[in-house]
$ cat my_file05.pdb   # PDB, C-alpha atoms
ATOM      1  CA  MET A   1      11.936  14.273  -8.576
ATOM      2  CA  SER A   2      14.203  11.960  -6.569
ATOM      3  CA  SER A   3      16.118   9.174  -8.300
ATOM      4  CA  ALA A   4      14.374   6.703  -5.979
ATOM      5  CA  LEU A   5      10.963   7.873  -7.218
ATOM      6  CA  ASP A   6      12.225   7.600 -10.815
ATOM      7  CA  ASP A   7      13.194   3.989 -10.068
ATOM      8  CA  LEU A   8       9.772   3.266  -8.567
ATOM      9  CA  LEU A   9       7.974   4.744 -11.579
ATOM     10  CA  ASP A  10      10.139   2.594 -13.858
ATOM     11  CA  LEU A  11       9.132  -0.409 -11.743
ATOM     12  CA  LEU A  12       5.449   0.359 -12.312
ATOM     13  CA  ASP A  13       5.909   0.919 -16.062
ATOM     14  CA  LEU A  14       5.264  -2.688 -17.062
ATOM     15  CA  GLU A  15       6.415  -4.216 -20.328
ATOM     16  CA  GLN A  16       3.556  -5.441 -22.511
ATOM     17  CA  ILE A  17       4.625  -8.767 -24.038
ATOM     18  CA  GLU A  18       1.282  -9.781 -25.576
ATOM     19  CA  GLN A  19      -2.319  -8.615 -25.540
ATOM     20  CA  ASN A  20      -3.465  -8.758 -21.909
ATOM     21  CA  ILE A  21      -0.037 -10.012 -20.739
ATOM     22  CA  PHE A  22       2.526  -7.807 -18.999
ATOM     23  CA  ARG A  23       5.902  -8.356 -17.373
ATOM     24  CA  GLY A  24       7.379  -6.565 -14.383
ATOM     25  CA  SER A  25      10.606  -6.687 -12.418
ATOM     26  CA  SER A  26      11.230  -6.232  -8.703
ATOM     27  CA  ARG A  27      13.333  -3.911  -6.592
ATOM     28  CA  SER A  28      15.427  -4.824  -3.594
ATOM     29  CA  ALA A  29      13.275  -5.181  -0.493
ATOM     30  CA  VAL A  30      13.971  -5.027   3.223
ATOM     31  CA  VAL A  31      13.230  -8.748   3.514
ATOM     32  CA  PRO A  32      14.225 -11.436   0.950
ATOM     33  CA  ARG A  33      10.854 -11.511  -0.839
ATOM     34  CA  VAL A  34       8.906  -9.240  -3.153
ATOM     35  CA  PHE A  35       7.181  -6.396  -1.302
ATOM     36  CA  GLY A  36       3.433  -6.984  -1.366
ATOM     37  CA  GLY A  37       2.609  -3.366  -2.186
ATOM     38  CA  GLN A  38       4.761  -3.636  -5.298
ATOM     39  CA  VAL A  39       2.880  -6.676  -6.627
ATOM     40  CA  ALA A  40      -0.501  -5.074  -5.875
ATOM     41  CA  ALA A  41       0.470  -1.822  -7.590
ATOM     42  CA  GLN A  42       1.900  -3.596 -10.644
ATOM     43  CA  ALA A  43      -1.206  -5.773 -10.953
ATOM     44  CA  LEU A  44      -3.382  -2.655 -10.848
ATOM     45  CA  VAL A  45      -1.207  -1.069 -13.540
ATOM     46  CA  ALA A  46      -1.725  -4.168 -15.715
ATOM     47  CA  ALA A  47      -5.485  -4.021 -15.204
ATOM     48  CA  GLY A  48      -5.610  -0.289 -15.868
ATOM     49  CA  ARG A  49      -3.689  -0.629 -19.142
ATOM     50  CA  THR A  50      -6.645  -2.609 -20.562
ATOM     51  CA  VAL A  51      -9.340  -0.125 -19.481
ATOM     52  CA  PRO A  52     -10.594   2.963 -21.400
ATOM     53  CA  GLY A  53      -8.917   6.138 -20.185
ATOM     54  CA  ASP A  54     -12.150   7.745 -19.020
ATOM     55  CA  ARG A  55     -12.686   5.046 -16.376
ATOM     56  CA  THR A  56     -10.870   5.258 -13.052
ATOM     57  CA  ALA A  57     -10.268   2.555 -10.452
ATOM     58  CA  HIS A  58     -12.853   2.584  -7.674
ATOM     59  CA  SER A  59     -12.028  -0.690  -5.885
ATOM     60  CA  LEU A  60      -9.659  -3.640  -5.724
ATOM     61  CA  HIS A  61      -9.718  -6.936  -3.869
ATOM     62  CA  SER A  62      -6.650  -9.147  -3.754
ATOM     63  CA  TYR A  63      -4.973 -12.203  -2.225
ATOM     64  CA  PHE A  64      -1.291 -12.851  -1.631
ATOM     65  CA  LEU A  65      -0.837 -16.527  -2.502
ATOM     66  CA  ARG A  66       2.905 -17.236  -2.427
ATOM     67  CA  MET A  67       6.111 -15.470  -1.505
ATOM     68  CA  GLY A  68       7.505 -13.597  -4.503
ATOM     69  CA  ASP A  69      11.072 -14.102  -5.735
ATOM     70  CA  PRO A  70      12.721 -10.653  -6.128
ATOM     71  CA  GLY A  71      15.274 -12.103  -8.542
ATOM     72  CA  ALA A  72      12.757 -13.274 -11.135
ATOM     73  CA  PRO A  73      10.359 -11.375 -13.422
ATOM     74  CA  ILE A  74       6.643 -11.394 -12.643
ATOM     75  CA  VAL A  75       4.150 -12.047 -15.445
ATOM     76  CA  TYR A  76       0.713 -10.436 -15.103
ATOM     77  CA  THR A  77      -2.168 -11.921 -17.093
ATOM     78  CA  VAL A  78      -5.308  -9.788 -17.373
ATOM     79  CA  ASP A  79      -8.745 -11.336 -17.837
ATOM     80  CA  ARG A  80     -11.252  -8.839 -19.262
ATOM     81  CA  ILE A  81     -14.229  -9.958 -17.188
ATOM     82  CA  ARG A  82     -16.728  -7.268 -18.171
ATOM     83  CA  ASP A  83     -17.040  -3.973 -20.031
ATOM     84  CA  GLY A  84     -20.362  -2.378 -19.124
ATOM     85  CA  ARG A  85     -21.827   1.035 -19.829
ATOM     86  CA  SER A  86     -20.552   2.456 -16.531
ATOM     87  CA  PHE A  87     -18.275  -0.182 -14.982
ATOM     88  CA  THR A  88     -15.335  -2.258 -16.191
ATOM     89  CA  THR A  89     -14.093  -5.313 -14.292
ATOM     90  CA  ARG A  90     -10.674  -6.934 -14.618
ATOM     91  CA  ARG A  91      -9.026  -9.942 -13.006
ATOM     92  CA  VAL A  92      -5.238 -10.203 -12.829
ATOM     93  CA  VAL A  93      -3.063 -13.186 -11.913
ATOM     94  CA  ALA A  94       0.631 -12.636 -11.152
ATOM     95  CA  VAL A  95       2.836 -15.642 -11.963
ATOM     96  CA  GLN A  96       6.424 -16.572 -11.118
ATOM     97  CA  HIS A  97       8.172 -19.862 -11.862
ATOM     98  CA  GLY A  98       4.929 -21.233 -13.333
ATOM     99  CA  GLN A  99       2.876 -20.626 -10.168
ATOM    100  CA  PRO A 100       0.429 -17.851  -9.202
ATOM    101  CA  ILE A 101       1.743 -15.649  -6.406
ATOM    102  CA  PHE A 102      -0.983 -12.982  -6.352
ATOM    103  CA  HIS A 103      -4.569 -12.528  -7.504
ATOM    104  CA  LEU A 104      -6.389  -9.222  -7.970
ATOM    105  CA  SER A 105      -9.867  -8.178  -9.037
ATOM    106  CA  ALA A 106     -10.372  -4.499  -9.831
ATOM    107  CA  SER A 107     -13.320  -2.404 -10.919
ATOM    108  CA  PHE A 108     -13.248   0.861 -12.866
ATOM    109  CA  GLN A 109     -16.027   3.401 -13.378
ATOM    110  CA  THR A 110     -16.834   6.361 -15.591
ATOM    111  CA  TYR A 111     -17.336   9.585 -13.631
ATOM    112  CA  GLU A 112     -20.891  10.403 -12.613
ATOM    113  CA  GLU A 113     -22.698  12.702 -10.184
ATOM    114  CA  GLY A 114     -24.402  11.159  -7.158
ATOM    115  CA  LEU A 115     -25.199  11.376  -3.461
ATOM    116  CA  GLU A 116     -22.346  12.822  -1.452
ATOM    117  CA  HIS A 117     -21.340  12.533   2.208
ATOM    118  CA  GLN A 118     -18.338  11.481   4.287
ATOM    119  CA  THR A 119     -17.326  11.052   7.901
ATOM    120  CA  LYS A 120     -15.196  13.659   9.639
ATOM    121  CA  MET A 121     -11.422  13.613   9.231
ATOM    122  CA  PRO A 122      -9.576  12.785  12.488
ATOM    123  CA  ASP A 123      -7.237  15.276  14.107
ATOM    124  CA  ALA A 124      -3.580  15.013  13.130
ATOM    125  CA  PRO A 125      -0.565  17.335  13.351
ATOM    126  CA  ASP A 126       0.880  19.145  10.343
ATOM    127  CA  PRO A 127       3.109  16.614   8.508
ATOM    128  CA  GLU A 128       5.838  19.223   8.073
ATOM    129  CA  THR A 129       6.302  19.273  11.871
ATOM    130  CA  LEU A 130       7.016  15.526  12.056
ATOM    131  CA  PRO A 131      10.443  13.851  11.722
ATOM    132  CA  THR A 132      11.406  12.305   8.393
ATOM    133  CA  ALA A 133      12.393   8.647   8.139
ATOM    134  CA  ALA A 134      16.056   9.673   7.924
ATOM    135  CA  GLU A 135      15.695  11.589  11.180
ATOM    136  CA  MET A 136      13.628   8.946  12.988
ATOM    137  CA  LEU A 137      14.925   5.490  12.053
ATOM    138  CA  PRO A 138      18.527   5.804  13.331
ATOM    139  CA  ARG A 139      17.120   6.413  16.833
ATOM    140  CA  TYR A 140      15.956   2.792  16.944
ATOM    141  CA  ALA A 141      18.976   1.048  15.406
ATOM    142  CA  ASP A 142      19.843  -0.643  18.702
ATOM    143  CA  ARG A 143      16.387  -2.260  18.886
ATOM    144  CA  PHE A 144      16.664  -4.108  15.590
ATOM    145  CA  VAL A 145      18.017  -7.656  15.376
ATOM    146  CA  ASP A 146      20.071  -6.668  12.331
ATOM    147  CA  PRO A 147      21.680  -3.201  12.489
ATOM    148  CA  GLY A 148      21.618  -3.073   8.674
ATOM    149  CA  VAL A 149      17.815  -2.820   8.742
ATOM    150  CA  VAL A 150      17.944   0.972   9.092
ATOM    151  CA  ASP A 151      19.799   1.440   5.815
ATOM    152  CA  ARG A 152      17.592  -1.092   4.022
ATOM    153  CA  LEU A 153      14.421   0.586   5.280
ATOM    154  CA  LEU A 154      15.661   4.007   4.211
ATOM    155  CA  GLU A 155      16.540   2.676   0.775
ATOM    156  CA  ALA A 156      13.222   0.833   0.371
ATOM    157  CA  ARG A 157      11.198   3.927   1.344
ATOM    158  CA  ALA A 158      13.300   6.588  -0.376
ATOM    159  CA  ALA A 159      10.648   7.109  -3.077
ATOM    160  CA  VAL A 160       8.068   8.035  -0.445
ATOM    161  CA  ASP A 161       8.173  10.652   2.308
ATOM    162  CA  LEU A 162       6.468   8.744   5.147
ATOM    163  CA  ARG A 163       6.181  10.314   8.606
ATOM    164  CA  TYR A 164       4.766   8.723  11.768
ATOM    165  CA  VAL A 165       2.492  10.873  13.934
ATOM    166  CA  ASP A 166       3.340   8.831  17.065
ATOM    167  CA  GLU A 167       6.049   6.315  17.884
ATOM    168  CA  PRO A 168       6.161   3.350  15.469
ATOM    169  CA  PRO A 169       5.718  -0.167  16.917
ATOM    170  CA  TYR A 170       9.462  -0.736  17.249
ATOM    171  CA  GLY A 171       9.714   2.519  19.222
ATOM    172  CA  THR A 172       7.542   1.243  22.075
ATOM    173  CA  ALA A 173       8.094  -2.521  21.902
ATOM    174  CA  GLY A 174       7.029  -4.176  25.151
ATOM    175  CA  LEU A 175       4.415  -1.523  25.938
ATOM    176  CA  PRO A 176       0.888  -2.301  24.649
ATOM    177  CA  ARG A 177      -0.906   0.756  23.276
ATOM    178  CA  GLU A 178      -4.215   1.643  21.705
ATOM    179  CA  PRO A 179      -4.416  -0.280  18.398
ATOM    180  CA  ARG A 180      -4.276   2.822  16.247
ATOM    181  CA  SER A 181      -1.560   4.400  14.133
ATOM    182  CA  GLN A 182      -1.321   7.442  11.885
ATOM    183  CA  VAL A 183       1.223   8.281   9.201
ATOM    184  CA  TRP A 184       1.404  11.038   6.628
ATOM    185  CA  PHE A 185       2.833  10.138   3.224
ATOM    186  CA  ARG A 186       3.438  11.517  -0.251
ATOM    187  CA  ALA A 187       5.589  10.633  -3.229
ATOM    188  CA  ASN A 188       9.058  12.134  -2.962
ATOM    189  CA  GLY A 189       8.637  14.290  -6.058
ATOM    190  CA  LYS A 190       6.121  15.600  -8.584
ATOM    191  CA  LEU A 191       4.012  13.077 -10.509
ATOM    192  CA  ALA A 192       2.342  13.323 -13.896
ATOM    193  CA  ASP A 193      -1.379  14.095 -14.142
ATOM    194  CA  ASP A 194      -2.372  10.449 -14.564
ATOM    195  CA  SER A 195      -5.102   9.227 -12.203
ATOM    196  CA  LEU A 196      -4.048   5.566 -12.570
ATOM    197  CA  LEU A 197      -0.487   6.457 -11.524
ATOM    198  CA  HIS A 198      -1.671   8.207  -8.347
ATOM    199  CA  VAL A 199      -3.956   5.300  -7.446
ATOM    200  CA  CYS A 200      -1.139   2.801  -8.008
ATOM    201  CA  LEU A 201       1.313   4.829  -5.884
ATOM    202  CA  ALA A 202      -1.205   4.895  -3.037
ATOM    203  CA  THR A 203      -1.714   1.144  -3.437
ATOM    204  CA  TYR A 204       2.056   0.629  -3.200
ATOM    205  CA  VAL A 205       2.324   2.641   0.032
ATOM    206  CA  SER A 206      -0.826   1.161   1.603
ATOM    207  CA  ASP A 207       0.945  -2.136   2.346
ATOM    208  CA  MET A 208       3.811  -0.512   4.276
ATOM    209  CA  THR A 209       2.247   0.221   7.667
ATOM    210  CA  LEU A 210      -1.327  -1.081   7.786
ATOM    211  CA  LEU A 211      -0.679  -3.879  10.278
ATOM    212  CA  ASP A 212       1.215  -1.589  12.682
ATOM    213  CA  SER A 213      -1.928  -1.177  14.768
ATOM    214  CA  VAL A 214      -2.119  -4.956  15.324
ATOM    215  CA  LEU A 215       1.389  -4.878  16.782
ATOM    216  CA  LEU A 216       0.665  -1.858  18.974
ATOM    217  CA  ALA A 217      -2.216  -3.615  20.746
ATOM    218  CA  HIS A 218       0.198  -6.293  21.998
ATOM    219  CA  GLY A 219       3.362  -4.255  22.525
ATOM    220  CA  ARG A 220       5.118  -6.005  19.649
ATOM    221  CA  GLY A 221       7.874  -4.249  17.762
ATOM    222  CA  GLY A 222       7.614  -6.135  14.488
ATOM    223  CA  TRP A 223       9.722  -8.415  12.339
ATOM    224  CA  ALA A 224      12.780  -6.135  12.544
ATOM    225  CA  VAL A 225      12.727  -6.406  16.340
ATOM    226  CA  GLY A 226      12.205 -10.157  16.062
ATOM    227  CA  ASP A 227       9.144 -10.510  18.283
ATOM    228  CA  VAL A 228       6.680 -11.392  15.480
ATOM    229  CA  VAL A 229       6.729 -12.977  12.056
ATOM    230  CA  GLY A 230       4.085 -12.348   9.456
ATOM    231  CA  ALA A 231       2.961 -11.607   5.927
ATOM    232  CA  SER A 232       0.007 -10.037   4.150
ATOM    233  CA  LEU A 233      -2.857 -12.376   3.297
ATOM    234  CA  ASP A 234      -5.388 -10.201   1.503
ATOM    235  CA  HIS A 235      -5.840  -6.529   0.710
ATOM    236  CA  ALA A 236      -8.856  -4.470  -0.350
ATOM    237  CA  MET A 237      -9.151  -0.796  -1.276
ATOM    238  CA  TRP A 238     -11.991   1.535  -2.255
ATOM    239  CA  PHE A 239     -11.109   4.787  -4.026
ATOM    240  CA  HIS A 240     -13.802   7.330  -3.160
ATOM    241  CA  ARG A 241     -12.560  10.670  -4.462
ATOM    242  CA  PRO A 242      -9.747  12.035  -6.642
ATOM    243  CA  PHE A 243      -6.413  12.678  -4.922
ATOM    244  CA  ARG A 244      -2.774  13.235  -5.740
ATOM    245  CA  ALA A 245      -0.166  10.879  -4.316
ATOM    246  CA  ASP A 246       2.457  13.644  -4.541
ATOM    247  CA  GLU A 247       0.508  15.721  -2.001
ATOM    248  CA  TRP A 248       0.227  14.886   1.702
ATOM    249  CA  LEU A 249      -2.191  12.059   2.554
ATOM    250  CA  LEU A 250      -3.096  11.011   6.111
ATOM    251  CA  TYR A 251      -3.197   7.226   6.638
ATOM    252  CA  ASP A 252      -5.371   6.683   9.736
ATOM    253  CA  GLN A 253      -5.116   3.002  10.731
ATOM    254  CA  GLU A 254      -6.617   0.802  13.439
ATOM    255  CA  SER A 255      -7.003  -2.885  14.294
ATOM    256  CA  PRO A 256     -10.415  -4.128  15.454
ATOM    257  CA  SER A 257      -9.330  -7.746  15.905
ATOM    258  CA  ALA A 258      -6.522 -10.298  16.082
ATOM    259  CA  SER A 259      -7.076 -14.043  16.483
ATOM    260  CA  GLY A 260      -5.999 -17.387  15.096
ATOM    261  CA  GLY A 261      -2.546 -16.142  14.121
ATOM    262  CA  ARG A 262      -4.106 -13.383  11.996
ATOM    263  CA  GLY A 263      -4.514  -9.653  12.546
ATOM    264  CA  LEU A 264      -6.924  -7.273  10.818
ATOM    265  CA  GLY A 265      -6.065  -3.696   9.921
ATOM    266  CA  GLN A 266      -8.515  -1.155   8.577
ATOM    267  CA  ALA A 267      -7.807   2.412   7.565
ATOM    268  CA  ARG A 268      -8.932   5.572   5.867
ATOM    269  CA  ILE A 269      -6.736   7.804   3.757
ATOM    270  CA  TRP A 270      -7.485  11.526   3.743
ATOM    271  CA  THR A 271      -6.281  14.459   1.693
ATOM    272  CA  GLN A 272      -4.717  17.252   3.714
ATOM    273  CA  ASP A 273      -7.770  19.459   3.112
ATOM    274  CA  GLY A 274     -10.096  16.869   4.681
ATOM    275  CA  HIS A 275     -11.524  14.787   1.830
ATOM    276  CA  LEU A 276     -11.888  11.036   2.377
ATOM    277  CA  ALA A 277      -9.988   9.560  -0.562
ATOM    278  CA  ILE A 278      -9.534   5.833   0.170
ATOM    279  CA  THR A 279     -10.672   3.072   2.519
ATOM    280  CA  VAL A 280      -8.299   0.129   3.066
ATOM    281  CA  ILE A 281      -8.705  -3.243   4.808
ATOM    282  CA  GLN A 282      -6.032  -5.912   5.130
ATOM    283  CA  GLU A 283      -5.605  -9.163   7.024
ATOM    284  CA  GLY A 284      -2.188 -10.624   7.645
ATOM    285  CA  VAL A 285      -0.457 -13.473   9.387
ATOM    286  CA  VAL A 286       0.891 -12.195  12.718
ATOM    287  CA  ARG A 287       2.591 -14.929  14.742
ATOM    288  CA  VAL A 288       4.724 -14.911  17.841
ATOM    289  CA  PRO A 289       7.945 -16.880  17.182
ATOM    290  CA  ARG A 290       8.182 -20.177  19.034
ATOM    291  CA  ASP A 291      11.142 -20.752  21.325
TER
END

$ encode --input "my_file05.pdb" --output "structure tokens"
Amino acid sequence: MSSALDDLLDLLDLEQIEQNIFRGSSRSAVVPRVFGGQVAAQALVAAGRTVPGDRTAHSLHSYFLRMGDPGAPIVYTVDRIRDGRSFTTRRVVAVQHGQPIFHLSASFQTYEEGLEHQTKMPDAPDPETLPTAAEMLPRYADRFVDPGVVDRLLEARAAVDLRYVDEPPYGTAGLPREPRSQVWFRANGKLADDSLLHVCLATYVSDMTLLDSVLLAHGRGGWAVGDVVGASLDHAMWFHRPFRADEWLLYDQESPSASGGRGLGQARIWTQDGHLAITVIQEGVVRVPRD
């Protein structure tokens, strides 16, 4: 296991300071705010710590309310909304400096048999044939406003092996493309057999690239290029089938709409052997900087 993955797992191992109250820290991010995927994953950890072990997360719905301060701890308060015979519901509020910065509702379910079908997995190349972040990012250093972005991106993503199928938005800035993007990802090391951990790792990664497809439709390179500014607004996930976050997962993303300074991304996450594991939808602020 890489030291970066060790650090990420430590980040997700929240301190319990009272019943239903947990405290987490932050890691350095590429931009001077807490990474949204980190807050979402930590909130899901807090919720999961209050749920019986035989119930696994099947959905989450969340809102990003305020920019997080990476230099301050985050306190997560869990409200035990309901414990039913099959489903458990939790609400989590993340607080910094006395104000809520994030809100999450999550539902957990005991395993049961039921109707089964799924759509067909899209075509994608073998992830092992694609360039790693360390091989790809330096190619675009001259396109970033700040040349130090490459090192910060590599550091921020060192816990995850994330590989683009096609050029990322900053690779084709100025050239509008089909609003669709694919990446393969997996944790950069072996994880324990803990279903909550794998779900939380996938939640962490799901906020990294989901709005790429919005940028592609308009030929925008992203915040690092300086032709858009933005932030996540809300984030929803449905966990359909078991998966391991330390095995290759295909993140197939597209954008059906952008308007009013907002862009919508929707995606499906597949196991390498073709099982639909997760559906993700996110809306974010995507604005063109004013002169």

$ resolve_selection --input "my_file05.pdb" --expression "the PyMOL selection byres ((chain A and resi 52) around 10)" --output "list in words"
Gly48, Arg49, Thr50, Val51, Gly53, Asp54, Arg55, Thr56, Asp83, Thr88, Phe108, Gln109 and Thr110 of chain A

$ closest_residue --input "my_file05.pdb" --among "A:Arg157, A:Arg241, A:Arg290, A:His117" --to "Leu5 (chain A)" --atoms "all atoms listed in the file"
A:Arg157

$ resolve_selection --input "my_file05.pdb" --expression "the PyMOL selection byres ((chain A and resi 172) around 12)" --output "compact mmCIF listing (two decimals) with C-alpha atoms, in the coordinates of the input"
# COMPACT_ATOMS: atom_id res chain seq x y z
CA TYR A 140 15.96 2.79 16.94
CA ARG A 143 16.39 -2.26 18.89
CA ASP A 166 3.34 8.83 17.07
CA GLU A 167 6.05 6.32 17.88
CA PRO A 168 6.16 3.35 15.47
CA PRO A 169 5.72 -0.17 16.92
CA TYR A 170 9.46 -0.74 17.25
CA GLY A 171 9.71 2.52 19.22
CA ALA A 173 8.09 -2.52 21.90
CA GLY A 174 7.03 -4.18 25.15
CA LEU A 175 4.42 -1.52 25.94
CA PRO A 176 0.89 -2.30 24.65
CA ARG A 177 -0.91 0.76 23.28
CA GLU A 178 -4.22 1.64 21.70
CA ASP A 212 1.22 -1.59 12.68
CA LEU A 215 1.39 -4.88 16.78
CA LEU A 216 0.66 -1.86 18.97
CA ALA A 217 -2.22 -3.62 20.75
CA HIS A 218 0.20 -6.29 22.00
CA GLY A 219 3.36 -4.26 22.52
CA ARG A 220 5.12 -6.00 19.65
CA GLY A 221 7.87 -4.25 17.76
CA GLY A 222 7.61 -6.14 14.49
CA VAL A 225 12.73 -6.41 16.34

$ closest_residue --input "my_file05.pdb" --among "A:Arg152, A:Gly189, A:His235, A:Ala94" --to "Thr203 (chain A)" --atoms "only C-alpha atoms"
A:His235

$ resolve_selection --input "my_file05.pdb" --expression "the PyMOL selection byres ((chain A and resi 276) around 12)" --output "ChimeraX atom specification"
/A:116-122,238-243,249-252,267-275,277-280

$ closest_atom_pairs --input "my_file05.pdb" --of "region 174-245 of chain A" --to "region 12-34 of chain A" --cutoff "9 Å" --atoms "only C-alpha atoms" --output "JSON lines"
{"residue": "A:Leu197", "atom": "CA", "partner": "A:Leu12", "partner_atom": "CA", "distance": 8.5}
{"residue": "A:Cys200", "atom": "CA", "partner": "A:Leu12", "partner_atom": "CA", "distance": 8.2}
{"residue": "A:Leu201", "atom": "CA", "partner": "A:Leu12", "partner_atom": "CA", "distance": 8.9}

$ residues_around --input "my_file05.pdb" --residues "Ser62 (chain A)" --least-positions-apart "4" --cutoff "9 Å" --atoms "all atoms listed in the file" --output "list in words"
Ala40, Phe102, His103, Leu104, Ser105, Ala106, Leu233, Asp234, His235 and Ala236 of chain A

$ closest_residue --input "my_file05.pdb" --among "A:Arg186, A:His97, A:Arg262, A:Arg163" --to "Val228 (chain A)" --atoms "only C-alpha atoms"
A:Arg262

$ atom_distance --input "my_file05.pdb" --atom1 "CA of Ser107 (chain A)" --atom2 "CA of Leu9 (chain A)"
22.5 Å

$ atom_distance --input "my_file05.pdb" --atom1 "CA of Tyr164 (chain A)" --atom2 "CA of Phe64 (chain A)"
26.1 Å

$ build_atoms --input "my_file05.pdb" --residues "region 197-203 of chain A" --atoms "all heavy atoms" --output "mmCIF file, in the coordinates of the input"
data_model
loop_
_atom_site.group_PDB
_atom_site.id
_atom_site.type_symbol
_atom_site.label_atom_id
_atom_site.label_comp_id
_atom_site.auth_asym_id
_atom_site.auth_seq_id
_atom_site.Cartn_x
_atom_site.Cartn_y
_atom_site.Cartn_z
ATOM 1 N N LEU A 197 -1.789 6.409 -12.193
ATOM 2 C CA LEU A 197 -0.487 6.457 -11.524
ATOM 3 C C LEU A 197 -0.650 6.814 -10.051
ATOM 4 O O LEU A 197 -0.039 6.189 -9.177
ATOM 5 C CB LEU A 197 0.413 7.475 -12.221
ATOM 6 C CG LEU A 197 1.790 7.693 -11.579
ATOM 7 C CD1 LEU A 197 2.602 6.413 -11.568
ATOM 8 C CD2 LEU A 197 2.536 8.815 -12.317
ATOM 9 N N HIS A 198 -1.487 7.788 -9.743
ATOM 10 C CA HIS A 198 -1.671 8.207 -8.347
ATOM 11 C C HIS A 198 -2.337 7.102 -7.524
ATOM 12 O O HIS A 198 -1.973 6.859 -6.374
ATOM 13 C CB HIS A 198 -2.487 9.499 -8.304
ATOM 14 C CG HIS A 198 -1.736 10.681 -8.837
ATOM 15 N ND1 HIS A 198 -1.039 11.554 -8.032
ATOM 16 C CD2 HIS A 198 -1.548 11.118 -10.113
ATOM 17 C CE1 HIS A 198 -0.459 12.483 -8.776
ATOM 18 N NE2 HIS A 198 -0.757 12.239 -10.050
ATOM 19 N N VAL A 199 -3.304 6.414 -8.135
ATOM 20 C CA VAL A 199 -3.956 5.300 -7.446
ATOM 21 C C VAL A 199 -2.961 4.171 -7.187
ATOM 22 O O VAL A 199 -2.946 3.568 -6.109
ATOM 23 C CB VAL A 199 -5.160 4.810 -8.278
ATOM 24 C CG1 VAL A 199 -5.633 3.448 -7.799
ATOM 25 C CG2 VAL A 199 -6.305 5.815 -8.205
ATOM 26 N N CYS A 200 -2.116 3.888 -8.169
ATOM 27 C CA CYS A 200 -1.139 2.801 -8.008
ATOM 28 C C CYS A 200 -0.065 3.152 -6.984
ATOM 29 O O CYS A 200 0.378 2.279 -6.233
ATOM 30 C CB CYS A 200 -0.504 2.463 -9.360
ATOM 31 S SG CYS A 200 -1.650 1.662 -10.505
ATOM 32 N N LEU A 201 0.348 4.424 -6.914
ATOM 33 C CA LEU A 201 1.313 4.829 -5.884
ATOM 34 C C LEU A 201 0.718 4.674 -4.490
ATOM 35 O O LEU A 201 1.384 4.202 -3.561
ATOM 36 C CB LEU A 201 1.738 6.275 -6.115
ATOM 37 C CG LEU A 201 3.112 6.523 -6.733
ATOM 38 C CD1 LEU A 201 4.225 6.105 -5.795
ATOM 39 C CD2 LEU A 201 3.250 5.828 -8.081
ATOM 40 N N ALA A 202 -0.553 5.052 -4.336
ATOM 41 C CA ALA A 202 -1.205 4.895 -3.037
ATOM 42 C C ALA A 202 -1.346 3.421 -2.675
ATOM 43 O O ALA A 202 -1.203 3.037 -1.509
ATOM 44 C CB ALA A 202 -2.570 5.574 -3.050
ATOM 45 N N THR A 203 -1.625 2.583 -3.666
ATOM 46 C CA THR A 203 -1.714 1.144 -3.437
ATOM 47 C C THR A 203 -0.369 0.597 -2.960
ATOM 48 O O THR A 203 -0.300 -0.212 -2.029
ATOM 49 C CB THR A 203 -2.143 0.429 -4.727
ATOM 50 O OG1 THR A 203 -3.429 0.924 -5.125
ATOM 51 C CG2 THR A 203 -2.222 -1.075 -4.526
#
